[in-house]
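Shown next: work-v9.cif, given as mmCIF, C-alpha atoms.
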data_run
#
loop_
_atom_site.group_PDB
_atom_site.id
_atom_site.type_symbol
_atom_site.label_atom_id
_atom_site.label_comp_id
_atom_site.auth_asym_id
_atom_site.auth_seq_id
_atom_site.Cartn_x
_atom_site.Cartn_y
_atom_site.Cartn_z
ATOM 1 C CA MET C 1 8.485 -20.619 13.809
ATOM 2 C CA ALA C 2 6.999 -17.569 15.505
ATOM 3 C CA GLU C 3 6.853 -14.112 13.976
ATOM 4 C CA ILE C 4 7.650 -11.349 16.467
ATOM 5 C CA ILE C 5 5.188 -8.443 16.361
ATOM 6 C CA GLN C 6 6.298 -5.116 17.825
ATOM 7 C CA HIS C 7 4.497 -1.794 17.443
ATOM 8 C CA ARG C 8 4.611 1.540 19.243
ATOM 9 C CA ASP C 9 2.190 4.372 18.465
ATOM 10 C CA ILE C 10 0.185 7.162 20.079
ATOM 11 C CA VAL C 11 -3.602 6.910 20.488
ATOM 12 C CA PRO C 12 -5.309 9.552 18.305
ATOM 13 C CA GLU C 13 -7.343 12.134 20.196
ATOM 14 C CA ALA C 14 -10.355 11.065 18.111
ATOM 15 C CA CYS C 15 -10.395 7.796 20.105
ATOM 16 C CA LEU C 16 -11.520 9.620 23.245
ATOM 17 C CA GLY C 17 -13.981 7.359 25.087
ATOM 18 C CA LYS C 18 -13.372 4.284 22.929
ATOM 19 C CA ARG C 19 -12.490 0.894 24.344
ATOM 20 C CA LEU C 20 -8.904 -0.309 24.090
ATOM 21 C CA ASP C 21 -9.792 -3.126 21.687
ATOM 22 C CA GLN C 22 -11.747 -0.734 19.434
ATOM 23 C CA THR C 23 -8.863 1.732 19.506
ATOM 24 C CA LEU C 24 -6.303 -0.906 18.544
ATOM 25 C CA ALA C 25 -8.519 -2.045 15.670
ATOM 26 C CA GLU C 26 -8.453 1.521 14.330
ATOM 27 C CA MET C 27 -4.726 1.989 14.913
ATOM 28 C CA PHE C 28 -3.557 -1.391 13.589
ATOM 29 C CA PRO C 29 -5.988 -2.429 10.836
ATOM 30 C CA ASP C 30 -3.654 -5.129 9.510
ATOM 31 C CA TYR C 31 -4.690 -7.365 12.434
ATOM 32 C CA SER C 32 -8.105 -8.810 13.155
ATOM 33 C CA ARG C 33 -10.078 -7.588 16.157
ATOM 34 C CA SER C 34 -10.052 -11.070 17.647
ATOM 35 C CA ARG C 35 -6.255 -11.260 17.489
ATOM 36 C CA LEU C 36 -5.855 -7.803 19.017
ATOM 37 C CA LYS C 37 -8.230 -8.706 21.830
ATOM 38 C CA GLU C 38 -6.301 -11.925 22.431
ATOM 39 C CA TRP C 39 -3.067 -9.933 22.751
ATOM 40 C CA ILE C 40 -4.721 -7.619 25.287
ATOM 41 C CA LEU C 41 -6.017 -10.505 27.400
ATOM 42 C CA ASP C 42 -2.638 -12.265 27.259
ATOM 43 C CA GLY C 43 -0.782 -9.204 28.556
ATOM 44 C CA HIS C 44 1.001 -8.283 25.329
ATOM 45 C CA VAL C 45 -0.299 -4.697 25.244
ATOM 46 C CA LYS C 46 1.007 -1.810 27.332
ATOM 47 C CA VAL C 47 -0.648 1.586 27.771
ATOM 48 C CA ASN C 48 1.799 4.230 28.972
ATOM 49 C CA ASP C 49 4.267 1.457 29.917
ATOM 50 C CA SER C 50 1.715 -0.453 32.030
ATOM 51 C CA VAL C 51 0.265 -3.800 30.949
ATOM 52 C CA VAL C 52 -3.501 -3.571 30.434
ATOM 53 C CA THR C 53 -5.494 -6.793 30.184
ATOM 54 C CA LYS C 54 -8.995 -5.341 29.978
ATOM 55 C CA ALA C 55 -10.280 -4.885 26.448
ATOM 56 C CA ARG C 56 -12.966 -2.504 27.760
ATOM 57 C CA GLU C 57 -10.434 -0.051 29.203
ATOM 58 C CA LYS C 58 -11.379 3.449 28.034
ATOM 59 C CA MET C 59 -8.937 5.591 26.094
ATOM 60 C CA PHE C 60 -8.544 9.361 26.356
ATOM 61 C CA GLY C 61 -6.226 10.010 23.407
ATOM 62 C CA GLY C 62 -2.510 10.665 23.623
ATOM 63 C CA GLU C 63 -1.608 7.414 25.391
ATOM 64 C CA GLN C 64 1.443 5.498 24.202
ATOM 65 C CA ILE C 65 0.584 1.997 23.017
ATOM 66 C CA ASP C 66 3.179 -0.786 22.917
ATOM 67 C CA ILE C 67 2.424 -4.192 21.430
ATOM 68 C CA ASN C 68 4.934 -6.995 21.966
ATOM 69 C CA ALA C 69 3.521 -10.294 20.798
ATOM 70 C CA SER C 70 4.290 -13.254 18.620
ATOM 71 C CA VAL C 71 2.323 -15.132 16.020
ATOM 72 C CA GLU C 72 2.961 -18.807 15.552
ATOM 73 C CA ALA C 73 3.090 -19.812 11.927
ATOM 74 C CA GLU C 74 -0.146 -21.661 11.268
ATOM 75 C CA ILE C 75 0.701 -22.481 7.663
ATOM 76 C CA ARG C 76 3.928 -23.351 5.938
ATOM 77 C CA PHE C 77 3.484 -21.672 2.620
ATOM 78 C CA GLU C 78 4.214 -23.643 -0.516
ATOM 79 C CA ALA C 79 6.933 -22.707 -2.976
ATOM 80 C CA GLN C 80 5.397 -22.318 -6.438
ATOM 81 C CA ASP C 81 7.036 -21.859 -9.825
ATOM 82 C CA ILE C 82 5.575 -18.441 -10.639
ATOM 83 C CA PRO C 83 7.655 -16.099 -12.845
ATOM 84 C CA LEU C 84 9.106 -13.021 -11.171
ATOM 85 C CA ASN C 85 10.413 -9.949 -12.976
ATOM 86 C CA ILE C 86 13.558 -9.382 -10.904
ATOM 87 C CA VAL C 87 15.224 -6.043 -11.584
ATOM 88 C CA TYR C 88 17.957 -6.368 -8.941
ATOM 89 C CA GLU C 89 19.311 -9.071 -6.630
ATOM 90 C CA ASP C 90 22.262 -9.562 -4.297
ATOM 91 C CA ASP C 91 22.909 -11.635 -1.159
ATOM 92 C CA ASP C 92 20.676 -9.425 1.019
ATOM 93 C CA ILE C 93 17.819 -8.013 -1.051
ATOM 94 C CA LEU C 94 15.970 -8.357 -4.285
ATOM 95 C CA VAL C 95 13.746 -5.889 -6.114
ATOM 96 C CA ILE C 96 10.885 -7.054 -8.309
ATOM 97 C CA ASN C 97 8.599 -5.347 -10.804
ATOM 98 C CA LYS C 98 5.185 -6.774 -9.911
ATOM 99 C CA PRO C 99 2.569 -7.213 -12.648
ATOM 100 C CA ALA C 100 -1.143 -6.599 -12.254
ATOM 101 C CA ASP C 101 -3.421 -9.421 -11.074
ATOM 102 C CA LEU C 102 -0.833 -10.828 -8.668
ATOM 103 C CA VAL C 103 -1.477 -10.842 -4.916
ATOM 104 C CA VAL C 104 1.582 -10.215 -2.744
ATOM 105 C CA HIS C 105 0.748 -12.374 0.317
ATOM 106 C CA PRO C 106 -1.611 -15.339 0.786
ATOM 107 C CA GLY C 107 -4.862 -14.535 2.549
ATOM 108 C CA ALA C 108 -8.598 -15.085 2.473
ATOM 109 C CA GLY C 109 -9.578 -15.927 -1.086
ATOM 110 C CA ASN C 110 -5.943 -16.185 -2.203
ATOM 111 C CA PRO C 111 -4.360 -19.146 -0.388
ATOM 112 C CA ASP C 112 -1.539 -19.446 -2.937
ATOM 113 C CA GLY C 113 -0.413 -18.198 -6.332
ATOM 114 C CA THR C 114 1.106 -15.088 -4.730
ATOM 115 C CA VAL C 115 4.395 -13.195 -4.790
ATOM 116 C CA LEU C 116 5.301 -14.909 -1.510
ATOM 117 C CA ASN C 117 4.878 -18.368 -3.059
ATOM 118 C CA ALA C 118 7.002 -17.285 -6.023
ATOM 119 C CA LEU C 119 9.717 -15.913 -3.723
ATOM 120 C CA LEU C 120 9.958 -19.200 -1.820
ATOM 121 C CA ASN C 121 10.498 -21.000 -5.113
ATOM 122 C CA HIS C 122 13.127 -18.540 -6.327
ATOM 123 C CA CYS C 123 14.946 -18.320 -3.006
ATOM 124 C CA PRO C 124 14.146 -21.287 -0.679
ATOM 125 C CA GLN C 125 16.136 -19.813 2.247
ATOM 126 C CA LEU C 126 13.401 -17.173 2.585
ATOM 127 C CA ASP C 127 11.434 -19.856 4.431
ATOM 128 C CA VAL C 128 13.200 -18.782 7.630
ATOM 129 C CA VAL C 129 12.584 -15.044 7.123
ATOM 130 C CA PRO C 130 9.216 -13.705 8.396
ATOM 131 C CA ARG C 131 6.734 -13.177 5.536
ATOM 132 C CA ALA C 132 9.407 -14.519 3.153
ATOM 133 C CA GLY C 133 11.189 -11.175 3.390
ATOM 134 C CA ILE C 134 8.266 -9.013 2.303
ATOM 135 C CA VAL C 135 8.501 -5.631 4.032
ATOM 136 C CA HIS C 136 5.873 -3.654 2.103
ATOM 137 C CA ARG C 137 3.073 -4.582 -0.242
ATOM 138 C CA LEU C 138 1.372 -3.485 -3.418
ATOM 139 C CA ASP C 139 -2.318 -4.085 -4.017
ATOM 140 C CA LYS C 140 -3.196 -6.986 -6.302
ATOM 141 C CA ASP C 141 -3.749 -4.795 -9.355
ATOM 142 C CA THR C 142 -1.108 -2.163 -8.652
ATOM 143 C CA THR C 143 2.025 -2.705 -10.720
ATOM 144 C CA GLY C 144 5.633 -1.802 -10.070
ATOM 145 C CA LEU C 145 8.584 -1.991 -7.716
ATOM 146 C CA MET C 146 8.837 -3.874 -4.416
ATOM 147 C CA VAL C 147 11.907 -4.591 -2.316
ATOM 148 C CA VAL C 148 12.260 -7.948 -0.532
ATOM 149 C CA ALA C 149 14.760 -8.836 2.204
ATOM 150 C CA LYS C 150 16.630 -12.127 1.839
ATOM 151 C CA THR C 151 17.889 -12.228 5.434
ATOM 152 C CA ILE C 152 16.409 -11.382 8.824
ATOM 153 C CA ALA C 153 19.064 -8.686 9.331
ATOM 154 C CA ALA C 154 18.186 -7.033 6.039
ATOM 155 C CA GLN C 155 14.482 -7.244 6.816
ATOM 156 C CA THR C 156 14.919 -5.694 10.262
ATOM 157 C CA ASN C 157 16.873 -2.768 8.802
ATOM 158 C CA LEU C 158 14.410 -2.241 5.943
ATOM 159 C CA VAL C 159 11.424 -2.226 8.308
ATOM 160 C CA GLU C 160 13.187 0.341 10.483
ATOM 161 C CA ALA C 161 13.959 2.456 7.410
ATOM 162 C CA LEU C 162 10.316 2.333 6.357
ATOM 163 C CA GLN C 163 9.170 3.404 9.805
ATOM 164 C CA ALA C 164 11.727 6.232 9.776
ATOM 165 C CA ARG C 165 10.466 7.302 6.316
ATOM 166 C CA GLU C 166 13.906 6.752 4.808
ATOM 167 C CA ILE C 167 12.635 4.753 1.808
ATOM 168 C CA THR C 168 11.329 6.794 -1.115
ATOM 169 C CA ARG C 169 8.474 5.365 -3.178
ATOM 170 C CA GLU C 170 7.066 7.242 -6.158
ATOM 171 C CA TYR C 171 4.034 6.222 -8.190
ATOM 172 C CA GLU C 172 2.368 7.234 -11.422
ATOM 173 C CA ALA C 173 -1.406 7.312 -11.689
ATOM 174 C CA VAL C 174 -4.233 8.558 -13.863
ATOM 175 C CA ALA C 175 -7.027 10.179 -11.878
ATOM 176 C CA ASN C 176 -10.535 11.168 -12.852
ATOM 177 C CA GLY C 177 -11.175 14.885 -13.179
ATOM 178 C CA ILE C 178 -9.037 17.901 -14.004
ATOM 179 C CA MET C 179 -6.515 18.793 -11.314
ATOM 180 C CA THR C 180 -5.031 22.252 -11.681
ATOM 181 C CA ALA C 181 -1.989 21.835 -9.451
ATOM 182 C CA GLY C 182 -0.167 19.454 -7.159
ATOM 183 C CA GLY C 183 -0.564 19.298 -3.425
ATOM 184 C CA ILE C 184 -0.526 17.217 -0.268
ATOM 185 C CA VAL C 185 -3.241 15.044 1.240
ATOM 186 C CA ASP C 186 -2.666 14.815 4.988
ATOM 187 C CA GLU C 187 -5.622 12.807 6.267
ATOM 188 C CA PRO C 188 -5.686 9.826 8.677
ATOM 189 C CA ILE C 189 -6.656 6.452 7.234
ATOM 190 C CA GLY C 190 -8.304 3.561 9.058
ATOM 191 C CA ARG C 191 -10.662 0.674 8.489
ATOM 192 C CA HIS C 192 -14.014 1.651 6.940
ATOM 193 C CA ALA C 193 -16.783 1.828 9.538
ATOM 194 C CA THR C 194 -19.068 -0.671 7.792
ATOM 195 C CA LYS C 195 -17.046 -2.252 4.941
ATOM 196 C CA ARG C 196 -14.313 -4.205 6.674
ATOM 197 C CA THR C 197 -12.308 -4.874 3.499
ATOM 198 C CA HIS C 198 -12.213 -1.162 2.655
ATOM 199 C CA MET C 199 -10.156 1.661 4.097
ATOM 200 C CA ALA C 200 -11.331 5.251 4.581
ATOM 201 C CA VAL C 201 -10.310 8.669 5.807
ATOM 202 C CA THR C 202 -11.386 8.601 9.449
ATOM 203 C CA PHE C 203 -10.614 10.780 12.459
ATOM 204 C CA SER C 204 -9.437 7.778 14.456
ATOM 205 C CA GLY C 205 -7.191 6.481 11.671
ATOM 206 C CA ARG C 206 -3.412 6.490 11.488
ATOM 207 C CA PRO C 207 -1.546 9.550 10.168
ATOM 208 C CA SER C 208 -1.235 9.313 6.385
ATOM 209 C CA VAL C 209 0.471 11.743 4.004
ATOM 210 C CA THR C 210 0.511 11.623 0.193
ATOM 211 C CA HIS C 211 2.298 14.186 -2.002
ATOM 212 C CA TYR C 212 1.226 14.575 -5.619
ATOM 213 C CA ARG C 213 2.064 16.711 -8.632
ATOM 214 C CA VAL C 214 0.467 17.074 -12.030
ATOM 215 C CA MET C 215 2.379 15.531 -14.938
ATOM 216 C CA GLU C 216 -0.175 15.931 -17.737
ATOM 217 C CA LYS C 217 -3.720 17.197 -18.066
ATOM 218 C CA TYR C 218 -6.319 15.681 -20.354
ATOM 219 C CA ARG C 219 -9.875 16.768 -21.046
ATOM 220 C CA LEU C 220 -11.394 14.982 -18.034
ATOM 221 C CA HIS C 221 -8.403 13.171 -16.520
ATOM 222 C CA THR C 222 -5.043 13.990 -14.954
ATOM 223 C CA ARG C 223 -1.784 12.066 -14.954
ATOM 224 C CA LEU C 224 -0.049 12.292 -11.582
ATOM 225 C CA ARG C 225 3.280 11.595 -9.947
ATOM 226 C CA LEU C 226 2.817 10.711 -6.270
ATOM 227 C CA ARG C 227 5.162 10.180 -3.357
ATOM 228 C CA LEU C 228 4.247 8.345 -0.173
ATOM 229 C CA GLU C 229 5.372 9.798 3.128
ATOM 230 C CA THR C 230 3.553 6.996 4.978
ATOM 231 C CA GLY C 231 2.455 3.573 3.755
ATOM 232 C CA ARG C 232 -1.085 2.767 4.794
ATOM 233 C CA THR C 233 -3.232 0.135 3.097
ATOM 234 C CA HIS C 234 -4.752 1.535 -0.130
ATOM 235 C CA GLN C 235 -3.326 4.962 0.809
ATOM 236 C CA ILE C 236 -3.093 6.597 -2.623
ATOM 237 C CA ARG C 237 -6.437 5.194 -3.723
ATOM 238 C CA VAL C 238 -8.204 6.371 -0.556
ATOM 239 C CA HIS C 239 -6.600 9.818 -0.566
ATOM 240 C CA MET C 240 -7.341 10.497 -4.236
ATOM 241 C CA SER C 241 -10.941 9.391 -3.784
ATOM 242 C CA HIS C 242 -11.209 11.590 -0.693
ATOM 243 C CA ILE C 243 -10.291 14.692 -2.727
ATOM 244 C CA THR C 244 -12.852 13.626 -5.395
ATOM 245 C CA HIS C 245 -10.274 12.438 -7.914
ATOM 246 C CA PRO C 246 -10.441 8.624 -7.696
ATOM 247 C CA LEU C 247 -8.045 6.673 -9.877
ATOM 248 C CA VAL C 248 -9.228 5.471 -13.270
ATOM 249 C CA GLY C 249 -10.472 1.901 -13.080
ATOM 250 C CA ASP C 250 -10.462 1.664 -9.277
ATOM 251 C CA PRO C 251 -13.157 -0.946 -8.545
ATOM 252 C CA VAL C 252 -13.406 -0.060 -4.840
ATOM 253 C CA TYR C 253 -12.991 3.685 -4.430
ATOM 254 C CA GLY C 254 -15.101 5.145 -7.209
ATOM 255 C CA GLY C 255 -12.996 5.041 -10.346
ATOM 256 C CA ARG C 256 -15.928 4.317 -12.670
ATOM 257 C CA PRO C 257 -15.544 5.427 -16.310
ATOM 258 C CA ARG C 258 -15.952 9.173 -16.815
ATOM 259 C CA PRO C 259 -15.321 9.738 -20.523
ATOM 260 C CA PRO C 260 -15.105 13.251 -21.958
ATOM 261 C CA LYS C 261 -17.778 14.403 -24.397
ATOM 262 C CA ASN C 262 -17.311 13.385 -28.030
ATOM 263 C CA ALA C 263 -14.562 10.924 -27.132
ATOM 264 C CA ALA C 264 -13.497 8.447 -29.790
ATOM 265 C CA PRO C 265 -15.061 4.964 -29.526
ATOM 266 C CA GLU C 266 -11.643 3.415 -28.845
ATOM 267 C CA LEU C 267 -11.134 5.624 -25.781
ATOM 268 C CA LEU C 268 -14.681 4.978 -24.571
ATOM 269 C CA ASP C 269 -14.212 1.226 -24.859
ATOM 270 C CA TYR C 270 -10.806 1.337 -23.201
ATOM 271 C CA LEU C 271 -12.020 3.331 -20.214
ATOM 272 C CA ARG C 272 -14.971 0.966 -19.755
ATOM 273 C CA GLY C 273 -12.670 -2.046 -19.978
ATOM 274 C CA PHE C 274 -9.963 -0.716 -17.648
ATOM 275 C CA LYS C 275 -10.829 -2.850 -14.639
ATOM 276 C CA ARG C 276 -7.904 -2.082 -12.337
ATOM 277 C CA GLN C 277 -6.698 1.083 -10.641
ATOM 278 C CA ALA C 278 -4.345 3.015 -12.935
ATOM 279 C CA LEU C 279 -1.489 2.997 -10.436
ATOM 280 C CA HIS C 280 2.154 2.014 -10.920
ATOM 281 C CA ALA C 281 5.057 2.024 -8.442
ATOM 282 C CA ALA C 282 7.550 3.698 -10.767
ATOM 283 C CA MET C 283 10.526 4.533 -8.537
ATOM 284 C CA LEU C 284 12.097 3.056 -5.425
ATOM 285 C CA GLU C 285 15.063 4.578 -3.598
ATOM 286 C CA LEU C 286 16.692 3.347 -0.391
ATOM 287 C CA TYR C 287 19.933 2.870 1.456
ATOM 288 C CA HIS C 288 21.041 -0.732 1.155
ATOM 289 C CA PRO C 289 20.175 -2.365 4.505
ATOM 290 C CA ILE C 290 23.637 -3.941 4.882
ATOM 291 C CA THR C 291 26.133 -1.861 2.878
ATOM 292 C CA GLY C 292 24.475 1.535 3.356
ATOM 293 C CA GLU C 293 24.816 2.357 -0.352
ATOM 294 C CA LEU C 294 22.114 4.644 -1.799
ATOM 295 C CA MET C 295 20.289 2.713 -4.533
ATOM 296 C CA THR C 296 17.577 3.764 -6.985
ATOM 297 C CA TRP C 297 15.421 1.722 -9.346
ATOM 298 C CA ARG C 298 12.833 2.756 -11.939
ATOM 299 C CA ALA C 299 10.205 0.630 -13.672
ATOM 300 C CA GLU C 300 8.683 1.493 -17.037
ATOM 301 C CA LEU C 301 4.919 1.811 -17.243
ATOM 302 C CA PRO C 302 3.058 -1.418 -18.083
ATOM 303 C CA GLU C 303 1.444 -1.758 -21.499
ATOM 304 C CA ASP C 304 -2.139 -1.123 -20.374
ATOM 305 C CA PHE C 305 -1.105 2.110 -18.629
ATOM 306 C CA VAL C 306 0.905 3.230 -21.683
ATOM 307 C CA LYS C 307 -2.096 2.670 -23.951
ATOM 308 C CA LEU C 308 -4.405 4.567 -21.580
ATOM 309 C CA VAL C 309 -2.076 7.593 -21.642
ATOM 310 C CA LYS C 310 -1.731 7.344 -25.432
ATOM 311 C CA LEU C 311 -5.490 7.374 -25.969
ATOM 312 C CA LEU C 312 -5.991 10.298 -23.589
ATOM 313 C CA LYS C 313 -3.289 12.292 -25.410
ATOM 314 C CA GLU C 314 -4.901 11.526 -28.754
ATOM 315 C CA ASP C 315 -8.244 12.686 -27.369
ATOM 316 C CA ASN C 316 -6.615 16.007 -26.444
ATOM 317 C CA LYS C 317 -5.343 16.490 -29.999
ATOM 318 C CA LEU C 318 -8.608 15.476 -31.641
ATOM 319 C CA ASN C 319 -10.468 18.028 -29.555
ATOM 320 C CA GLY C 320 -8.029 20.875 -29.949
ATOM 321 C CA GLN C 321 -6.662 20.837 -26.416
ATOM 322 C CA PRO C 322 -2.942 21.583 -26.160
ATOM 323 C CA GLU C 323 -0.658 19.217 -24.267
ATOM 324 C CA ILE C 324 0.105 20.430 -20.756
#
Translate this structure into structure tokens?
Amino acid sequence: MAEIIQHRDIVPEACLGKRLDQTLAEMFPDYSRSRLKEWILDGHVKVNDSVVTKAREKMFGGEQIDINASVEAEIRFEAQDIPLNIVYEDDDILVINKPADLVVHPGAGNPDGTVLNALLNHCPQLDVVPRAGIVHRLDKDTTGLMVVAKTIAAQTNLVEALQAREITREYEAVANGIMTAGGIVDEPIGRHATKRTHMAVTFSGRPSVTHYRVMEKYRLHTRLRLRLETGRTHQIRVHMSHITHPLVGDPVYGGRPRPPKNAAPELLDYLRGFKRQALHAAMLELYHPITGELMTWRAELPEDFVKLVKLLKEDNKLNGQPEI
């Protein structure tokens, strides 16, 4: 079975002078450079409505890029009996509350044991839906809500809703540092120039917008509520690090322990031992892809996040700082 790949986007002005294959690698970081180059050579890429088959073609910025390709399934993924915390299910969609330490989709280093394998076990008919109905992902150690399509029609409509920014996703996080007020981070995100598994704010990246507001302030940390306007890989983690407030525990983007002075040993130990980003997908709201009904789900914070907040609040009280 082939998966149909269709994308349309505008070349950022920062790609002036770059080759077409380099530009596509910046614009579509979910695909390898070799695959993108193969699509160019095979005539699956249009620039301003004209097929271009030369990877070295220079870009000026502002061109319209269309990709129409297909990917033959190289692997038939195995159904595995992995527990899923299902918070809602009907004939067309299901919503899960993903725990930490669970990868969403098989890939390098994680050939199985993923949400996708669990979905195939729970709902075998997903074998005929691209990516087993997965329309958006959470990082391995990010917890919280994900919607999955059970039919191709539902998946098509959900993907279109995501692209039209009609699905609302809100997160809770604990960031390093004291943030005085909420705000917006509007910075493009693309593949890191030298670390290919990392993302970064880069001029040639794709538009990325994160809204955040302050929920609580601690002595050297801030609890945040965040809303995604776009959905780039690692978006919240990259944006918070970019504004010098990386998430607590983030092993990639600088969330090393930063304990306040005179903190209790329990808090010190907990911050040192918090080995995942403190990020939870707390709310999901969308129009049902088939019925059109507006639906909202909320997921309680996981235990490790709850304990982190509890210890930070206790640290405030012990050091005479009022709750904010």
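Residue nearest Ala193 in chain C within the list C:Ile5, C:Ser50, C:Gly205, C:Ala55: C:Gly205 [criterion: smallest interatomic distance, all atoms listed in the file].
Compared by their closest atoms to Arg232 in chain C, and using all atoms listed in the file, the residues C:Ile134, C:Ala200, C:Leu84, C:Leu158 rank with C:Ala200 nearest.
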Result set, the PyMOL selection byres ((chain C and resi 59) around 9) on current file, as JSON, numbers by chain
{"C": [11, 13, 15, 16, 17, 18, 19, 20, 23, 57, 58, 60, 61, 62, 63]}
*Taking the file as shown, what set of residues would the PyMOL selection byres ((chain C and resi 252) around 12) give back, as a PyMOL selection string?*
chain C and resi 139+141+192+195+197-200+234+237-238+241+246-251+253-256+275-277
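Considering all atoms listed in the file, the residue among C:Gln125, C:Thr244, C:Thr142, C:Thr151 positioned nearest to Asp92 in chain C is C:Thr151.
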Using the chain letters and numbers from this file, what does the PyMOL selection byres ((chain C and resi 299) around 10) select? Give the answer as a compact mmCIF listing (two decimals) with C-alpha atoms, in the coordinates of the input.
# COMPACT_ATOMS: atom_id res chain seq x y z
CA VAL C 87 15.22 -6.04 -11.58
CA ILE C 96 10.88 -7.05 -8.31
CA ASN C 97 8.60 -5.35 -10.80
CA LYS C 98 5.18 -6.77 -9.91
CA THR C 143 2.02 -2.70 -10.72
CA GLY C 144 5.63 -1.80 -10.07
CA LEU C 145 8.58 -1.99 -7.72
CA TYR C 171 4.03 6.22 -8.19
CA HIS C 280 2.15 2.01 -10.92
CA ALA C 281 5.06 2.02 -8.44
CA ALA C 282 7.55 3.70 -10.77
CA MET C 283 10.53 4.53 -8.54
CA LEU C 284 12.10 3.06 -5.42
CA TRP C 297 15.42 1.72 -9.35
CA ARG C 298 12.83 2.76 -11.94
CA GLU C 300 8.68 1.49 -17.04
CA LEU C 301 4.92 1.81 -17.24
CA PRO C 302 3.06 -1.42 -18.08
Can you complete the atoms of range 112-128 of chain C to N, CA and C atoms and list them as a PDB file, in the frame of the given file?
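Dumped to rebuild.pdb:
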ATOM      1  N   ASP C 112      -2.840 -19.237  -2.295  1.00  0.00           N
ATOM      2  CA  ASP C 112      -1.539 -19.446  -2.937  1.00  0.00           C
ATOM      3  C   ASP C 112      -1.514 -18.660  -4.243  1.00  0.00           C
ATOM      4  N   GLY C 113      -0.522 -18.928  -5.077  1.00  0.00           N
ATOM      5  CA  GLY C 113      -0.413 -18.198  -6.332  1.00  0.00           C
ATOM      6  C   GLY C 113      -0.011 -16.744  -6.144  1.00  0.00           C
ATOM      7  N   THR C 114       0.763 -16.455  -5.087  1.00  0.00           N
ATOM      8  CA  THR C 114       1.106 -15.088  -4.730  1.00  0.00           C
ATOM      9  C   THR C 114       2.605 -14.821  -4.920  1.00  0.00           C
ATOM     10  N   VAL C 115       2.972 -13.551  -4.757  1.00  0.00           N
ATOM     11  CA  VAL C 115       4.395 -13.195  -4.790  1.00  0.00           C
ATOM     12  C   VAL C 115       5.169 -13.996  -3.754  1.00  0.00           C
ATOM     13  N   LEU C 116       4.610 -14.161  -2.556  1.00  0.00           N
ATOM     14  CA  LEU C 116       5.301 -14.909  -1.510  1.00  0.00           C
ATOM     15  C   LEU C 116       5.611 -16.337  -1.958  1.00  0.00           C
ATOM     16  N   ASN C 117       4.638 -17.006  -2.574  1.00  0.00           N
ATOM     17  CA  ASN C 117       4.878 -18.368  -3.059  1.00  0.00           C
ATOM     18  C   ASN C 117       5.970 -18.391  -4.118  1.00  0.00           C
ATOM     19  N   ALA C 118       5.977 -17.376  -4.986  1.00  0.00           N
ATOM     20  CA  ALA C 118       7.002 -17.285  -6.023  1.00  0.00           C
ATOM     21  C   ALA C 118       8.382 -17.038  -5.416  1.00  0.00           C
ATOM     22  N   LEU C 119       8.443 -16.199  -4.383  1.00  0.00           N
ATOM     23  CA  LEU C 119       9.717 -15.913  -3.723  1.00  0.00           C
ATOM     24  C   LEU C 119      10.315 -17.162  -3.086  1.00  0.00           C
ATOM     25  N   LEU C 120       9.476 -17.972  -2.450  1.00  0.00           N
ATOM     26  CA  LEU C 120       9.958 -19.200  -1.820  1.00  0.00           C
ATOM     27  C   LEU C 120      10.533 -20.171  -2.851  1.00  0.00           C
ATOM     28  N   ASN C 121       9.980 -20.149  -4.049  1.00  0.00           N
ATOM     29  CA  ASN C 121      10.498 -21.000  -5.113  1.00  0.00           C
ATOM     30  C   ASN C 121      11.827 -20.462  -5.635  1.00  0.00           C
ATOM     31  N   HIS C 122      11.901 -19.154  -5.804  1.00  0.00           N
ATOM     32  CA  HIS C 122      13.127 -18.540  -6.327  1.00  0.00           C
ATOM     33  C   HIS C 122      14.262 -18.589  -5.315  1.00  0.00           C
ATOM     34  N   CYS C 123      13.921 -18.440  -4.051  1.00  0.00           N
ATOM     35  CA  CYS C 123      14.946 -18.320  -3.006  1.00  0.00           C
ATOM     36  C   CYS C 123      14.486 -19.111  -1.777  1.00  0.00           C
ATOM     37  N   PRO C 124      14.688 -20.432  -1.744  1.00  0.00           N
ATOM     38  CA  PRO C 124      14.146 -21.287  -0.679  1.00  0.00           C
ATOM     39  C   PRO C 124      14.546 -20.868   0.739  1.00  0.00           C
ATOM     40  N   GLN C 125      15.716 -20.205   0.899  1.00  0.00           N
ATOM     41  CA  GLN C 125      16.136 -19.813   2.247  1.00  0.00           C
ATOM     42  C   GLN C 125      15.226 -18.751   2.853  1.00  0.00           C
ATOM     43  N   LEU C 126      14.354 -18.142   2.052  1.00  0.00           N
ATOM     44  CA  LEU C 126      13.401 -17.173   2.585  1.00  0.00           C
ATOM     45  C   LEU C 126      12.387 -17.823   3.516  1.00  0.00           C
ATOM     46  N   ASP C 127      12.361 -19.142   3.546  1.00  0.00           N
ATOM     47  CA  ASP C 127      11.434 -19.856   4.431  1.00  0.00           C
ATOM     48  C   ASP C 127      11.678 -19.529   5.897  1.00  0.00           C
ATOM     49  N   VAL C 128      12.889 -19.083   6.234  1.00  0.00           N
ATOM     50  CA  VAL C 128      13.200 -18.782   7.630  1.00  0.00           C
ATOM     51  C   VAL C 128      13.089 -17.282   7.938  1.00  0.00           C
TER      52      VAL C 128
END
